Amino acid sequence: DTGVSQDPRHKITKRGQNVTFRCDPISEHNRLYWYRQTLGQGPEFLTYFQNEAQLEKSRLLSDRFSAERPKGSFSTLEIQRTEQGDSAMYLCASSLHGGGRGVEQYFGPGTRLTVT
Amino acid sequence: DAKTTQPNSMESNEEEPVHLPCNHSTISGTDYIHWYRQLPSQGPEYVIHGLTSNVNNRMASLAIAEDRKSSTLILHRATLRDAAVYYCILMYNNNDMRFGAGTRLTVKP
C-alpha cells in the first residue's frame with residue numbers, strides 16, 4: 001500500500017454513459033498525476049496538478065475528459081459519453097515536488113474501466 | 001521528447017544478479033533517469049533514480065554511463081517477487097514521465 005487510494009477499483013459502464021473516478025493522494029504531496037494504461041502497454045501520461053492548478057494536459061486528453069483537484073487535495077477524473085476505446089486502467093500518482101530534482105511518484109492501485 | 005529503448009523481455013534465475021539495460025541516446029543534460037517496476041495487477045512502483053553518478057538503495061543499484069546515453073538497473077539477487085515489468089524513464093521537464101513498453105523480467109526458481 002503506497003498511501004494513494006483510488007475509487008472505484010473497477011467500473012463497468014455502457015457506451016455513452018458518464019463515469020467519474022476519484023484519487024486520494026498522500027496528504028502532504030503537492031503534485032497529482034493521472035495516467036491511462038491499456039493491456040500490454042506502459043502507462044500514458046494524461047494530466048497533472050500542482051496543488052489545485054492543472055499545469056499540463058496530454059493530447060490524449062480529449063474534450064470528453066476533465067479532471068479537477070479542488071482545494072489541492074483529492075482529484076476526480078470524469079469521462080463523458082464513454083466509448084469502447086476508453087476501456088483501460090486509469091492510474092493516479094502523487095509526489096512531493098520541489099527543489100528542481102527528480103522525485104519519485106507513488107502510484108495508486110488504479111481503476112479498471114470496461115465500456116460495453 | 002527524449003526516448004528510452006529496452007529489451008522486451010529478460011530471464012533470470014533466482015538468487016542470481018540481473019542487469020537490465022536501457023539506452024537513452026537523446027537524453028538532455030537535466031533529464032533524470034528513473035526506474036519503476038510494475039508487478040501484475042498493481043500500479044507502478046518506484047525503484048531508483050539518478051542523474052550522473054551511480055546510485056544504490058535497498059532495492060537495486062543504478063549504473064549510469066559516463067556519457068549518460070545508457071544506464072543499467074542491477075538487482076543483486078533476484079527473487080521470485082522481482083518478476084515484473086521494469087520501466088526506464090527520463091523525467092521530462094521534471095514533471096510528467098513518459099513510459100515505454102518496459103522489460104518483462106521472468107525469474108526462474
# chains A, B, ... in the order shown; residues from 1 in each chain; ligands from 1

call {"tool": "closest_atom_pairs", "arguments": {"of": "chain B", "to": "chain A", "cutoff": "12 Å", "atoms": "only C-alpha atoms", "output": "JSON lines"}}
result
{"residue": "B:Asn8", "atom": "CA", "partner": "A:Gly40", "partner_atom": "CA", "distance": 11.0}
{"residue": "B:Thr30", "atom": "CA", "partner": "A:Arg101", "partner_atom": "CA", "distance": 9.2}
{"residue": "B:Asp31", "atom": "CA", "partner": "A:Gly102", "partner_atom": "CA", "distance": 8.2}
{"residue": "B:Tyr32", "atom": "CA", "partner": "A:Gly102", "partner_atom": "CA", "distance": 5.9}
{"residue": "B:Ile33", "atom": "CA", "partner": "A:Gly102", "partner_atom": "CA", "distance": 8.3}
{"residue": "B:His34", "atom": "CA", "partner": "A:Glu104", "partner_atom": "CA", "distance": 8.1}
{"residue": "B:Trp35", "atom": "CA", "partner": "A:Glu104", "partner_atom": "CA", "distance": 9.5}
{"residue": "B:Tyr36", "atom": "CA", "partner": "A:Glu104", "partner_atom": "CA", "distance": 9.1}
{"residue": "B:Arg37", "atom": "CA", "partner": "A:Gly42", "partner_atom": "CA", "distance": 10.4}
{"residue": "B:Gln38", "atom": "CA", "partner": "A:Gly42", "partner_atom": "CA", "distance": 9.3}
{"residue": "B:Leu39", "atom": "CA", "partner": "A:Pro109", "partner_atom": "CA", "distance": 10.8}
{"residue": "B:Pro40", "atom": "CA", "partner": "A:Pro109", "partner_atom": "CA", "distance": 10.8}
{"residue": "B:Ser41", "atom": "CA", "partner": "A:Pro109", "partner_atom": "CA", "distance": 7.9}
{"residue": "B:Gln42", "atom": "CA", "partner": "A:Pro109", "partner_atom": "CA", "distance": 5.4}
{"residue": "B:Gly43", "atom": "CA", "partner": "A:Pro109", "partner_atom": "CA", "distance": 5.0}
{"residue": "B:Pro44", "atom": "CA", "partner": "A:Phe107", "partner_atom": "CA", "distance": 6.0}
{"residue": "B:Glu45", "atom": "CA", "partner": "A:Phe107", "partner_atom": "CA", "distance": 6.7}
{"residue": "B:Tyr46", "atom": "CA", "partner": "A:Glu104", "partner_atom": "CA", "distance": 6.2}
{"residue": "B:Val47", "atom": "CA", "partner": "A:Glu104", "partner_atom": "CA", "distance": 8.7}
{"residue": "B:Ile48", "atom": "CA", "partner": "A:Glu104", "partner_atom": "CA", "distance": 8.2}
{"residue": "B:His49", "atom": "CA", "partner": "A:Gly102", "partner_atom": "CA", "distance": 7.6}
{"residue": "B:Gly50", "atom": "CA", "partner": "A:Gly102", "partner_atom": "CA", "distance": 8.0}
{"residue": "B:Leu51", "atom": "CA", "partner": "A:Gly102", "partner_atom": "CA", "distance": 8.4}
{"residue": "B:Val85", "atom": "CA", "partner": "A:Gly42", "partner_atom": "CA", "distance": 9.0}
{"residue": "B:Tyr86", "atom": "CA", "partner": "A:Gly42", "partner_atom": "CA", "distance": 9.8}
{"residue": "B:Tyr87", "atom": "CA", "partner": "A:Gly42", "partner_atom": "CA", "distance": 8.0}
{"residue": "B:Cys88", "atom": "CA", "partner": "A:Gly42", "partner_atom": "CA", "distance": 10.7}
{"residue": "B:Ile89", "atom": "CA", "partner": "A:Gly42", "partner_atom": "CA", "distance": 10.7}
{"residue": "B:Leu90", "atom": "CA", "partner": "A:Gly102", "partner_atom": "CA", "distance": 9.5}
{"residue": "B:Met91", "atom": "CA", "partner": "A:Gly102", "partner_atom": "CA", "distance": 6.7}
{"residue": "B:Tyr92", "atom": "CA", "partner": "A:Gly102", "partner_atom": "CA", "distance": 9.3}
{"residue": "B:Asn93", "atom": "CA", "partner": "A:Gly102", "partner_atom": "CA", "distance": 9.3}
{"residue": "B:Asn94", "atom": "CA", "partner": "A:Gly102", "partner_atom": "CA", "distance": 5.9}
{"residue": "B:Asn95", "atom": "CA", "partner": "A:Tyr48", "partner_atom": "CA", "distance": 8.3}
{"residue": "B:Asp96", "atom": "CA", "partner": "A:Phe45", "partner_atom": "CA", "distance": 6.8}
{"residue": "B:Met97", "atom": "CA", "partner": "A:Phe45", "partner_atom": "CA", "distance": 6.9}
{"residue": "B:Arg98", "atom": "CA", "partner": "A:Phe45", "partner_atom": "CA", "distance": 6.5}
{"residue": "B:Phe99", "atom": "CA", "partner": "A:Gly42", "partner_atom": "CA", "distance": 5.4}
{"residue": "B:Gly100", "atom": "CA", "partner": "A:Gly42", "partner_atom": "CA", "distance": 5.5}
{"residue": "B:Ala101", "atom": "CA", "partner": "A:Gly42", "partner_atom": "CA", "distance": 4.9}
{"residue": "B:Gly102", "atom": "CA", "partner": "A:Gly42", "partner_atom": "CA", "distance": 6.9}
{"residue": "B:Thr103", "atom": "CA", "partner": "A:Gly42", "partner_atom": "CA", "distance": 10.2}
{"residue": "B:Arg104", "atom": "CA", "partner": "A:Gly40", "partner_atom": "CA", "distance": 10.2}

call {"tool": "select_by_dssp", "arguments": {"residues": "chain B", "states": "strand (DSSP E or B)", "output": "count of residues only"}}
result
52

call {"tool": "residues_around", "arguments": {"residues": "Asn51 (chain A)", "least_positions_apart": "4", "cutoff": "9 Å", "atoms": "only C-alpha atoms", "output": "VMD selection string"}}
result
chain A and resid 29 to 32 69 to 73

call {"tool": "residues_around", "arguments": {"residues": "Gly16 (chain A)", "least_positions_apart": "4", "cutoff": "8 Å", "atoms": "only C-alpha atoms", "output": "PDB file with C-alpha atoms, in the first residue's frame"}}
result
ATOM      1  CA  GLN A  80     -18.245  11.909 -20.644  1.00  0.00           C
ATOM      2  CA  ARG A  81     -20.008   9.880 -23.345  1.00  0.00           C
ATOM      3  CA  THR A  82     -17.722   6.899 -22.859  1.00  0.00           C
ATOM      4  CA  GLU A  83     -16.516   4.935 -25.872  1.00  0.00           C
TER       5      GLU A  83
END

call {"tool": "residues_around", "arguments": {"residues": "Thr116 (chain A)", "least_positions_apart": "5", "cutoff": "10 Å", "atoms": "only C-alpha atoms", "output": "list of chain:residue names"}}
result
A:Ile12, A:Thr13, A:Lys14, A:Arg15, A:Gly16, A:Thr82, A:Glu83, A:Gln84, A:Gly85, A:Ser87

call {"tool": "write_last_selection", "arguments": {"atoms": "C-alpha atoms", "output": "CSV table (one decimal), in the first residue's frame"}}
result
chain,number,residue,atom,x,y,z
A,12,ILE,CA,-18.3,-1.4,-15.9
A,13,THR,CA,-20.4,1.1,-17.9
A,14,LYS,CA,-22.3,1.2,-21.2
A,15,ARG,CA,-21.1,3.2,-24.1
A,16,GLY,CA,-22.4,6.7,-23.9
A,82,THR,CA,-17.7,6.9,-22.9
A,83,GLU,CA,-16.5,4.9,-25.9
A,84,GLN,CA,-15.2,1.4,-26.1
A,85,GLY,CA,-11.7,2.8,-26.7
A,87,SER,CA,-11.6,0.9,-21.7

call {"tool": "select_by_dssp", "arguments": {"residues": "chain B", "states": "helix (DSSP H, G or I)", "output": "list in words"}}
result
Leu80, Arg81, Asp82, Tyr92, Asn93 and Asn94 of chain B

call {"tool": "atom_distance", "arguments": {"atom1": "CA of Thr72 (chain B)", "atom2": "CA of Leu20 (chain B)"}}
result
5.4 Å

call {"tool": "atom_distance", "arguments": {"atom1": "CA of Leu80 (chain B)", "atom2": "CA of Ser12 (chain B)"}}
result
9.7 Å

call {"tool": "atom_distance", "arguments": {"atom1": "CA of Ser70 (chain B)", "atom2": "CA of Pro21 (chain B)"}}
result
7.5 Å

call {"tool": "residues_around", "arguments": {"residues": "Thr20 (chain A)", "least_positions_apart": "4", "cutoff": "8 Å", "atoms": "only C-alpha atoms", "output": "PyMOL selection string"}}
result
chain A and resi 76-79

call {"tool": "residues_around", "arguments": {"residues": "region 21-27 of chain A", "least_positions_apart": "2", "cutoff": "6 Å", "atoms": "only C-alpha atoms", "output": "MDAnalysis selection string"}}
result
chainID A and resid 3:7 29 74:77 94

call {"tool": "decode", "arguments": {"residues": "chain B", "atoms": "C-alpha atoms", "output": "mmCIF file, in the first residue's frame"}}
result
data_model
loop_
_atom_site.group_PDB
_atom_site.id
_atom_site.type_symbol
_atom_site.label_atom_id
_atom_site.label_comp_id
_atom_site.auth_asym_id
_atom_site.auth_seq_id
_atom_site.Cartn_x
_atom_site.Cartn_y
_atom_site.Cartn_z
ATOM 1 C CA ASP B 1 10.807 14.015 -26.192
ATOM 2 C CA ALA B 2 13.819 12.003 -25.121
ATOM 3 C CA LYS B 3 13.008 8.307 -25.503
ATOM 4 C CA THR B 4 14.360 5.105 -23.993
ATOM 5 C CA THR B 5 14.964 1.693 -25.534
ATOM 6 C CA GLN B 6 14.771 -1.508 -23.508
ATOM 7 C CA PRO B 7 14.694 -5.204 -24.390
ATOM 8 C CA ASN B 8 11.154 -6.567 -24.454
ATOM 9 C CA SER B 9 11.934 -9.405 -22.059
ATOM 10 C CA MET B 10 14.677 -10.975 -19.976
ATOM 11 C CA GLU B 11 15.022 -14.088 -17.876
ATOM 12 C CA SER B 12 16.966 -14.693 -14.731
ATOM 13 C CA ASN B 13 17.495 -17.483 -12.260
ATOM 14 C CA GLU B 14 16.509 -16.983 -8.663
ATOM 15 C CA GLU B 15 19.268 -15.623 -6.410
ATOM 16 C CA GLU B 16 21.425 -14.569 -9.356
ATOM 17 C CA PRO B 17 22.170 -10.936 -10.292
ATOM 18 C CA VAL B 18 20.163 -9.301 -13.056
ATOM 19 C CA HIS B 19 21.350 -6.460 -15.266
ATOM 20 C CA LEU B 20 18.542 -4.632 -17.045
ATOM 21 C CA PRO B 21 19.856 -2.310 -19.779
ATOM 22 C CA CYS B 22 18.368 0.923 -21.077
ATOM 23 C CA ASN B 23 19.507 3.138 -23.934
ATOM 24 C CA HIS B 24 18.658 6.836 -23.939
ATOM 25 C CA SER B 25 20.952 8.388 -26.524
ATOM 26 C CA THR B 26 18.916 11.625 -26.828
ATOM 27 C CA ILE B 27 18.933 12.398 -23.102
ATOM 28 C CA SER B 28 19.309 16.064 -22.228
ATOM 29 C CA GLY B 29 21.587 17.431 -19.571
ATOM 30 C CA THR B 30 18.852 17.961 -16.998
ATOM 31 C CA ASP B 31 16.921 14.719 -17.501
ATOM 32 C CA TYR B 32 16.891 12.383 -14.517
ATOM 33 C CA ILE B 33 16.886 8.632 -15.200
ATOM 34 C CA HIS B 34 14.144 6.858 -13.273
ATOM 35 C CA TRP B 35 13.351 3.179 -12.960
ATOM 36 C CA TYR B 36 9.946 1.882 -11.964
ATOM 37 C CA ARG B 37 8.570 -1.613 -11.909
ATOM 38 C CA GLN B 38 5.048 -2.920 -12.171
ATOM 39 C CA LEU B 39 4.026 -6.180 -10.592
ATOM 40 C CA PRO B 40 0.962 -7.964 -12.000
ATOM 41 C CA SER B 41 -2.308 -6.194 -11.212
ATOM 42 C CA GLN B 42 -0.593 -3.328 -9.386
ATOM 43 C CA GLY B 43 0.363 0.254 -10.128
ATOM 44 C CA PRO B 44 3.987 1.062 -10.941
ATOM 45 C CA GLU B 45 6.419 1.179 -8.036
ATOM 46 C CA TYR B 46 9.447 3.456 -7.777
ATOM 47 C CA VAL B 47 12.766 1.604 -7.780
ATOM 48 C CA ILE B 48 15.589 4.121 -8.111
ATOM 49 C CA HIS B 49 16.687 7.267 -9.924
ATOM 50 C CA GLY B 50 19.873 9.140 -10.732
ATOM 51 C CA LEU B 51 21.367 11.970 -12.734
ATOM 52 C CA THR B 52 25.056 11.325 -13.354
ATOM 53 C CA SER B 53 26.579 9.219 -10.586
ATOM 54 C CA ASN B 54 25.837 5.600 -9.824
ATOM 55 C CA VAL B 55 23.212 5.143 -7.126
ATOM 56 C CA ASN B 56 22.441 2.408 -4.625
ATOM 57 C CA ASN B 57 19.413 1.805 -2.462
ATOM 58 C CA ARG B 58 17.878 -1.140 -0.641
ATOM 59 C CA MET B 59 16.125 -2.373 -3.762
ATOM 60 C CA ALA B 60 18.725 -2.017 -6.501
ATOM 61 C CA SER B 61 21.724 -0.225 -7.969
ATOM 62 C CA LEU B 62 21.733 2.109 -10.938
ATOM 63 C CA ALA B 63 24.830 2.322 -13.110
ATOM 64 C CA ILE B 64 24.898 5.326 -15.446
ATOM 65 C CA ALA B 65 27.311 5.501 -18.368
ATOM 66 C CA GLU B 66 29.764 8.367 -18.361
ATOM 67 C CA ASP B 67 28.126 9.915 -21.447
ATOM 68 C CA ARG B 68 24.673 9.283 -19.891
ATOM 69 C CA LYS B 69 23.428 7.661 -23.082
ATOM 70 C CA SER B 70 22.730 4.387 -21.346
ATOM 71 C CA SER B 71 22.096 3.006 -17.895
ATOM 72 C CA THR B 72 21.733 -0.376 -16.211
ATOM 73 C CA LEU B 73 19.479 -1.374 -13.351
ATOM 74 C CA ILE B 74 21.113 -4.035 -11.230
ATOM 75 C CA LEU B 75 19.178 -6.386 -8.973
ATOM 76 C CA HIS B 76 21.859 -8.056 -6.904
ATOM 77 C CA ARG B 77 19.955 -11.249 -6.085
ATOM 78 C CA ALA B 78 16.757 -11.799 -7.994
ATOM 79 C CA THR B 79 13.824 -13.321 -6.127
ATOM 80 C CA LEU B 80 10.536 -14.616 -7.478
ATOM 81 C CA ARG B 81 8.926 -11.425 -6.179
ATOM 82 C CA ASP B 82 11.092 -9.392 -8.545
ATOM 83 C CA ALA B 83 9.223 -10.763 -11.558
ATOM 84 C CA ALA B 84 7.666 -7.645 -13.067
ATOM 85 C CA VAL B 85 7.792 -5.195 -15.945
ATOM 86 C CA TYR B 86 10.671 -2.758 -15.443
ATOM 87 C CA TYR B 87 10.430 0.699 -16.961
ATOM 88 C CA CYS B 88 13.344 3.017 -17.651
ATOM 89 C CA ILE B 89 12.061 6.580 -17.875
ATOM 90 C CA LEU B 90 13.547 10.002 -18.405
ATOM 91 C CA MET B 91 11.998 12.607 -16.167
ATOM 92 C CA TYR B 92 10.746 15.068 -18.771
ATOM 93 C CA ASN B 93 10.915 18.693 -17.645
ATOM 94 C CA ASN B 94 10.915 17.356 -14.088
ATOM 95 C CA ASN B 95 7.184 16.854 -14.450
ATOM 96 C CA ASP B 96 5.367 14.012 -16.121
ATOM 97 C CA MET B 97 7.007 10.732 -17.007
ATOM 98 C CA ARG B 98 6.773 9.107 -20.422
ATOM 99 C CA PHE B 99 6.717 5.322 -20.037
ATOM 100 C CA GLY B 100 7.762 2.954 -22.799
ATOM 101 C CA ALA B 101 6.791 -0.701 -23.026
ATOM 102 C CA GLY B 102 9.441 -1.749 -20.497
ATOM 103 C CA THR B 103 11.263 -5.055 -19.984
ATOM 104 C CA ARG B 104 9.316 -8.032 -18.697
ATOM 105 C CA LEU B 105 11.570 -9.867 -16.243
ATOM 106 C CA THR B 106 10.907 -13.532 -15.603
ATOM 107 C CA VAL B 107 12.635 -15.135 -12.609
ATOM 108 C CA LYS B 108 13.010 -18.893 -12.701
ATOM 109 C CA PRO B 109 13.262 -20.886 -9.466
#
